[in-house]
Amino acid sequence: GNMRQKDLWKGISILILLSFIFCTISNAYGSGFAIYTQGASSLGQGAATIAHTEDPSAIFYNPALINKLEGTQIELGTTLIFPSRKFKSDFTGETFKTKSDVFYPSTLYITHKFNDKISAGLGVFNPFGLATKWPNDWEGRYITTDSEMRTYNINPVVSYQITPGITLAAGVNFLLLDATLEKKINLSALVPGLPDGGQKFEGDGNGIGYNLGILIEPHKDISIGASYRSEIKIDIDGDATFDLPPGTPLPISALFPNTPGNADLTLPQQVHVGVYYKGFYPLTLEVGLRWEGWSSYDRLKINFDKLVLGNPSYTERKDWKDTWSGNIGIKYQVSEPVALLAGYLYQDNPVPDSTFDPSIPDANAHLFSIGTDVKHKSFRFGLAYSYQKLQSRNKNNLVGDPITGAPAANGEYKSDLHMIGVSLTYRF
């Protein structure tokens, strides 16, 4: 009774705390800087989990699915992401690589079934993020050396089964964001012979949005799922700091005062649709489509409280476009406790050639994944491996040094990612 409930809440609060400690930073798998590594079982199926689920990560993919989960369930998971990016310069033929790093966006999901009609859940996860770190002496250093963004989403949801064949769900998203953008400043353009300076903007903010889900089951072997996540506008407050070399003349250093600043960012709306078929059981499959409204990211503008280089603000044009992606996931139930998973996802990217830049060197991508799902008593364990290959892409535009206006870092960009997802679900 009461004692057990107290223990449960104690356990939940410890898990929430742990998941915040784990959620250090996330790297993009998904177009732009959206992250779809929200559960190992889903990753193993190429994220084609909009119309079926067996674990609480459904809170992210389609909350209308949580009515399928019995009792109270808690899922804790993380995905290790090993990205590698290379740039080959058109100008010098030289090759640069991003610093090698491992990221681990992490997730905590809790669901509870009150009765046949009503279920509720809570998710804590990273829906967006990126980290791209180029060497400090590389050709594009006046565009970017280090871009990092972390987001945490706290997402309570409620799901209601209207008829045996139709379930609806809705949730609220409390989003926290922090970002760091660093680059070098070409001071030799102002005073010949002066070494590079450094510029850093660090800021954080928060915003609120909502998400919806629907599940329709027209036939015993077919289910159709759709989910929607709203745009979330975030006002970011922070500080711009400048690191100038010793011996910088006063008139120059006066152009770069450390100053508070602010920016705003609208995270895009997302629509997922999936159709699941289980007529070939023990083989089941889902095909899906995803649409992301990246046209909300039209520019990056940072306003400064003091003038920097004589300007009250700094603007970079982005003009991103909306994207479509498609995926398929297959599950084969080898035995009662063990399932094998496989998936493929083709991903469109939102960055137009005119504003393509090395802070987010995104490209159309193919994702291949395999995994397994193992049940034991009240536990369920998911393990998945995924390889994402971005098509090579050339930067051939005017994005470059804001002081001289010279284009920089034009050349070929190649990226790929290895991902290992693990998750553990416990059912009370």
# chains A, B, ... in the order shown; residues from 1 in each chain; ligands from 1
call {"tool": "residues_around", "arguments": {"residues": "stretch 122-124 of chain A", "least_positions_apart": "2", "cutoff": "10 Å", "atoms": "only C-alpha atoms", "output": "ChimeraX atom specification"}}
result
/A:16,19-20,23,56-60,63,74-76,106-112,120,126-127,152-158,171-175
call {"tool": "write_last_selection", "arguments": {"atoms": "N, CA, C and O atoms", "output": "short mmCIF file (atom, residue, chain, number, x, y, z; two decimals), in the first residue's frame"}}
result
data_model
loop_
_atom_site.label_atom_id
_atom_site.label_comp_id
_atom_site.auth_asym_id
_atom_site.auth_seq_id
_atom_site.Cartn_x
_atom_site.Cartn_y
_atom_site.Cartn_z
N ILE A 16 15.11 10.20 -11.85
CA ILE A 16 15.06 11.49 -12.55
C ILE A 16 16.38 12.23 -12.34
O ILE A 16 16.97 12.76 -13.28
N SER A 19 19.05 10.60 -14.38
CA SER A 19 18.96 10.84 -15.82
C SER A 19 19.44 12.25 -16.16
O SER A 19 20.02 12.47 -17.20
N PHE A 20 19.26 13.20 -15.26
CA PHE A 20 19.78 14.55 -15.52
C PHE A 20 21.30 14.57 -15.49
O PHE A 20 21.94 15.29 -16.24
N CYS A 23 22.38 12.99 -18.82
CA CYS A 23 22.07 13.74 -20.04
C CYS A 23 23.06 14.86 -20.21
O CYS A 23 22.69 16.00 -20.11
N PRO A 56 8.08 2.03 -22.75
CA PRO A 56 7.62 3.40 -22.48
C PRO A 56 8.21 4.51 -23.36
O PRO A 56 7.75 5.64 -23.29
N SER A 57 9.21 4.21 -24.20
CA SER A 57 9.74 5.26 -25.08
C SER A 57 8.67 5.75 -26.06
O SER A 57 8.86 6.76 -26.74
N ALA A 58 7.52 5.06 -26.11
CA ALA A 58 6.37 5.51 -26.90
C ALA A 58 5.97 6.94 -26.53
O ALA A 58 5.37 7.65 -27.34
N ILE A 59 6.29 7.38 -25.31
CA ILE A 59 6.01 8.76 -24.91
C ILE A 59 6.60 9.74 -25.92
O ILE A 59 6.00 10.75 -26.26
N PHE A 60 7.80 9.40 -26.43
CA PHE A 60 8.43 10.26 -27.44
C PHE A 60 7.81 10.03 -28.82
O PHE A 60 7.45 10.98 -29.51
N PRO A 63 2.54 8.99 -28.00
CA PRO A 63 2.04 8.71 -26.66
C PRO A 63 0.71 7.95 -26.63
O PRO A 63 0.35 7.39 -25.61
N ILE A 74 9.00 1.48 -16.00
CA ILE A 74 10.06 2.50 -16.02
C ILE A 74 11.14 2.05 -16.99
O ILE A 74 11.59 0.91 -16.94
N GLU A 75 11.51 2.95 -17.90
CA GLU A 75 12.57 2.62 -18.86
C GLU A 75 13.69 3.65 -18.73
O GLU A 75 13.45 4.86 -18.74
N LEU A 76 14.90 3.15 -18.61
CA LEU A 76 16.08 4.02 -18.53
C LEU A 76 16.99 3.61 -19.67
O LEU A 76 17.21 2.40 -19.88
N SER A 106 20.51 10.62 -23.16
CA SER A 106 19.92 9.59 -22.29
C SER A 106 18.43 9.86 -22.07
O SER A 106 17.95 10.97 -22.30
N THR A 107 17.74 8.81 -21.65
CA THR A 107 16.29 8.91 -21.56
C THR A 107 15.76 8.25 -20.30
O THR A 107 16.33 7.27 -19.81
N LEU A 108 14.68 8.82 -19.78
CA LEU A 108 13.94 8.19 -18.68
C LEU A 108 12.46 8.29 -19.04
O LEU A 108 11.97 9.38 -19.35
N TYR A 109 11.77 7.15 -19.03
CA TYR A 109 10.35 7.15 -19.33
C TYR A 109 9.61 6.35 -18.26
O TYR A 109 10.07 5.27 -17.87
N ILE A 110 8.47 6.86 -17.83
CA ILE A 110 7.65 6.16 -16.84
C ILE A 110 6.21 6.15 -17.37
O ILE A 110 5.71 7.20 -17.80
N THR A 111 5.56 4.99 -17.36
CA THR A 111 4.15 4.94 -17.75
C THR A 111 3.35 4.22 -16.68
O THR A 111 3.87 3.36 -15.97
N HIS A 112 2.08 4.58 -16.57
CA HIS A 112 1.20 3.91 -15.61
C HIS A 112 -0.18 3.76 -16.22
O HIS A 112 -0.75 4.71 -16.75
N ALA A 120 -1.14 7.22 -18.26
CA ALA A 120 -0.38 8.47 -18.20
C ALA A 120 1.10 8.13 -18.19
O ALA A 120 1.49 6.99 -17.89
N ASN A 126 16.44 14.10 -24.30
CA ASN A 126 17.08 15.16 -25.09
C ASN A 126 16.51 15.14 -26.50
O ASN A 126 16.92 14.30 -27.29
N PRO A 127 15.60 16.06 -26.87
CA PRO A 127 15.03 15.99 -28.22
C PRO A 127 15.88 16.65 -29.30
O PRO A 127 15.74 16.35 -30.47
N TYR A 152 16.91 19.57 -22.73
CA TYR A 152 16.25 18.58 -21.86
C TYR A 152 14.76 18.85 -21.99
O TYR A 152 14.32 19.99 -21.86
N ASN A 153 14.00 17.79 -22.21
CA ASN A 153 12.56 17.95 -22.32
C ASN A 153 11.91 17.15 -21.19
O ASN A 153 12.21 15.98 -21.00
N ILE A 154 11.04 17.81 -20.43
CA ILE A 154 10.25 17.12 -19.41
C ILE A 154 8.83 17.09 -19.96
O ILE A 154 8.21 18.12 -20.18
N ASN A 155 8.34 15.86 -20.25
CA ASN A 155 7.15 15.69 -21.07
C ASN A 155 6.12 14.76 -20.42
O ASN A 155 6.14 13.56 -20.63
N PRO A 156 5.18 15.31 -19.59
CA PRO A 156 4.08 14.49 -19.09
C PRO A 156 3.02 14.30 -20.18
O PRO A 156 2.75 15.22 -20.94
N VAL A 157 2.46 13.09 -20.26
CA VAL A 157 1.42 12.80 -21.28
C VAL A 157 0.26 12.03 -20.66
O VAL A 157 0.42 11.35 -19.65
N VAL A 158 -0.92 12.16 -21.28
CA VAL A 158 -2.09 11.38 -20.88
C VAL A 158 -2.68 10.79 -22.15
O VAL A 158 -2.73 11.45 -23.19
N GLY A 171 0.21 15.79 -24.57
CA GLY A 171 1.22 16.04 -23.54
C GLY A 171 1.72 17.47 -23.60
O GLY A 171 1.47 18.19 -24.57
N VAL A 172 2.41 17.87 -22.53
CA VAL A 172 3.03 19.19 -22.45
C VAL A 172 4.54 18.99 -22.43
O VAL A 172 5.03 18.02 -21.85
N ASN A 173 5.28 19.90 -23.09
CA ASN A 173 6.74 19.81 -23.13
C ASN A 173 7.36 21.03 -22.50
O ASN A 173 7.13 22.16 -22.95
N PHE A 174 8.13 20.80 -21.43
CA PHE A 174 8.89 21.88 -20.78
C PHE A 174 10.33 21.69 -21.23
O PHE A 174 10.98 20.72 -20.83
N LEU A 175 10.80 22.59 -22.07
CA LEU A 175 12.10 22.39 -22.69
C LEU A 175 13.14 23.36 -22.13
O LEU A 175 12.90 24.56 -22.05
#
call {"tool": "residues_around", "arguments": {"residues": "stretch 247-252 of chain A", "least_positions_apart": "5", "cutoff": "10 Å", "atoms": "only C-alpha atoms", "output": "MDAnalysis selection string"}}
result
chainID A and resid 187 190:191 194:195 197 257 309
call {"tool": "write_last_selection", "arguments": {"atoms": "C-alpha atoms", "output": "CSV table (one decimal), in the first residue's frame"}}
result
chain,number,residue,atom,x,y,z
A,187,LEU,CA,42.4,40.2,-36.0
A,190,LEU,CA,42.3,44.8,-38.6
A,191,VAL,CA,46.0,45.0,-37.6
A,194,LEU,CA,48.0,40.3,-34.9
A,195,PRO,CA,47.3,36.6,-33.9
A,197,GLY,CA,41.3,36.3,-31.1
A,257,PRO,CA,33.8,44.3,-25.1
A,309,LEU,CA,32.6,45.6,-33.9
call {"tool": "select_by_dssp", "arguments": {"residues": "stretch 122-337 of chain A", "states": "helix (DSSP H, G or I)", "output": "ChimeraX atom specification"}}
result
/A:187-189,250-253,294-296
call {"tool": "residues_around", "arguments": {"residues": "stretch 268-278 of chain A", "least_positions_apart": "3", "cutoff": "9 Å", "atoms": "only C-alpha atoms", "output": "PDB file with C-alpha atoms, in the first residue's frame"}}
result
ATOM      1  CA  ALA A  34      16.992  16.738 -33.912  1.00  0.00           C
ATOM      2  CA  ALA A  48       9.778   2.869 -37.070  1.00  0.00           C
ATOM      3  CA  THR A  49       7.845   2.755 -33.772  1.00  0.00           C
ATOM      4  CA  ILE A  50       4.928   5.133 -34.343  1.00  0.00           C
ATOM      5  CA  ALA A  51       2.195   2.483 -34.651  1.00  0.00           C
ATOM      6  CA  HIS A  52       3.460  -0.176 -32.218  1.00  0.00           C
ATOM      7  CA  TYR A  61       7.317   8.479 -30.626  1.00  0.00           C
ATOM      8  CA  ASN A  62       3.549   8.325 -30.137  1.00  0.00           C
ATOM      9  CA  LYS A 220      -6.665  -7.104 -35.897  1.00  0.00           C
ATOM     10  CA  ASP A 221      -3.376  -7.177 -37.867  1.00  0.00           C
ATOM     11  CA  ILE A 222      -3.058  -3.486 -38.754  1.00  0.00           C
ATOM     12  CA  SER A 223      -2.458  -0.369 -36.700  1.00  0.00           C
ATOM     13  CA  ILE A 224      -1.901   3.173 -37.900  1.00  0.00           C
ATOM     14  CA  GLY A 225      -0.206   5.715 -35.677  1.00  0.00           C
ATOM     15  CA  ALA A 226       0.481   9.416 -36.014  1.00  0.00           C
ATOM     16  CA  SER A 227       2.060  11.930 -33.671  1.00  0.00           C
ATOM     17  CA  TYR A 228       2.748  15.649 -33.668  1.00  0.00           C
ATOM     18  CA  ARG A 229       5.200  17.776 -31.721  1.00  0.00           C
ATOM     19  CA  SER A 230       4.667  21.538 -31.777  1.00  0.00           C
ATOM     20  CA  GLU A 231       7.182  24.272 -32.460  1.00  0.00           C
ATOM     21  CA  ILE A 232       8.870  25.537 -29.306  1.00  0.00           C
ATOM     22  CA  LYS A 233      10.184  29.091 -29.198  1.00  0.00           C
ATOM     23  CA  TYR A 281       3.760 -13.098 -37.157  1.00  0.00           C
ATOM     24  CA  PRO A 282       6.412 -14.004 -35.778  1.00  0.00           C
ATOM     25  CA  LEU A 283       7.676 -11.408 -38.279  1.00  0.00           C
ATOM     26  CA  THR A 284       6.155  -7.933 -37.828  1.00  0.00           C
ATOM     27  CA  LEU A 285       6.972  -4.742 -39.662  1.00  0.00           C
ATOM     28  CA  GLU A 286       6.290  -1.016 -39.683  1.00  0.00           C
ATOM     29  CA  VAL A 287       6.836   1.575 -42.386  1.00  0.00           C
ATOM     30  CA  GLY A 288       6.892   5.251 -41.520  1.00  0.00           C
ATOM     31  CA  LEU A 289       7.236   8.832 -42.685  1.00  0.00           C
ATOM     32  CA  ARG A 290       8.515  11.849 -40.800  1.00  0.00           C
ATOM     33  CA  TRP A 291       8.116  15.552 -41.612  1.00  0.00           C
ATOM     34  CA  GLU A 292      10.075  18.275 -39.844  1.00  0.00           C
ATOM     35  CA  GLY A 293       9.299  21.995 -40.124  1.00  0.00           C
ATOM     36  CA  TRP A 294      12.857  23.303 -40.184  1.00  0.00           C
ATOM     37  CA  SER A 295      11.800  26.435 -42.107  1.00  0.00           C
ATOM     38  CA  SER A 296      11.332  27.865 -38.595  1.00  0.00           C
ATOM     39  CA  TYR A 297      15.158  28.204 -38.491  1.00  0.00           C
ATOM     40  CA  ASP A 322      11.250  21.547 -44.259  1.00  0.00           C
TER      41      ASP A 322
END
call {"tool": "residues_around", "arguments": {"residues": "A:Gly44", "least_positions_apart": "5", "cutoff": "12 Å", "atoms": "only C-alpha atoms", "output": "PyMOL selection string"}}
result
chain A and resi 36-39+49+79+327-332+339-345+367-373+382-387+419-423
call {"tool": "closest_residue", "arguments": {"among": "A:Ser188, A:Asn211, A:Asn303, A:Gln388", "to": "A:Ile236", "atoms": "only C-alpha atoms"}}
result
A:Asn303
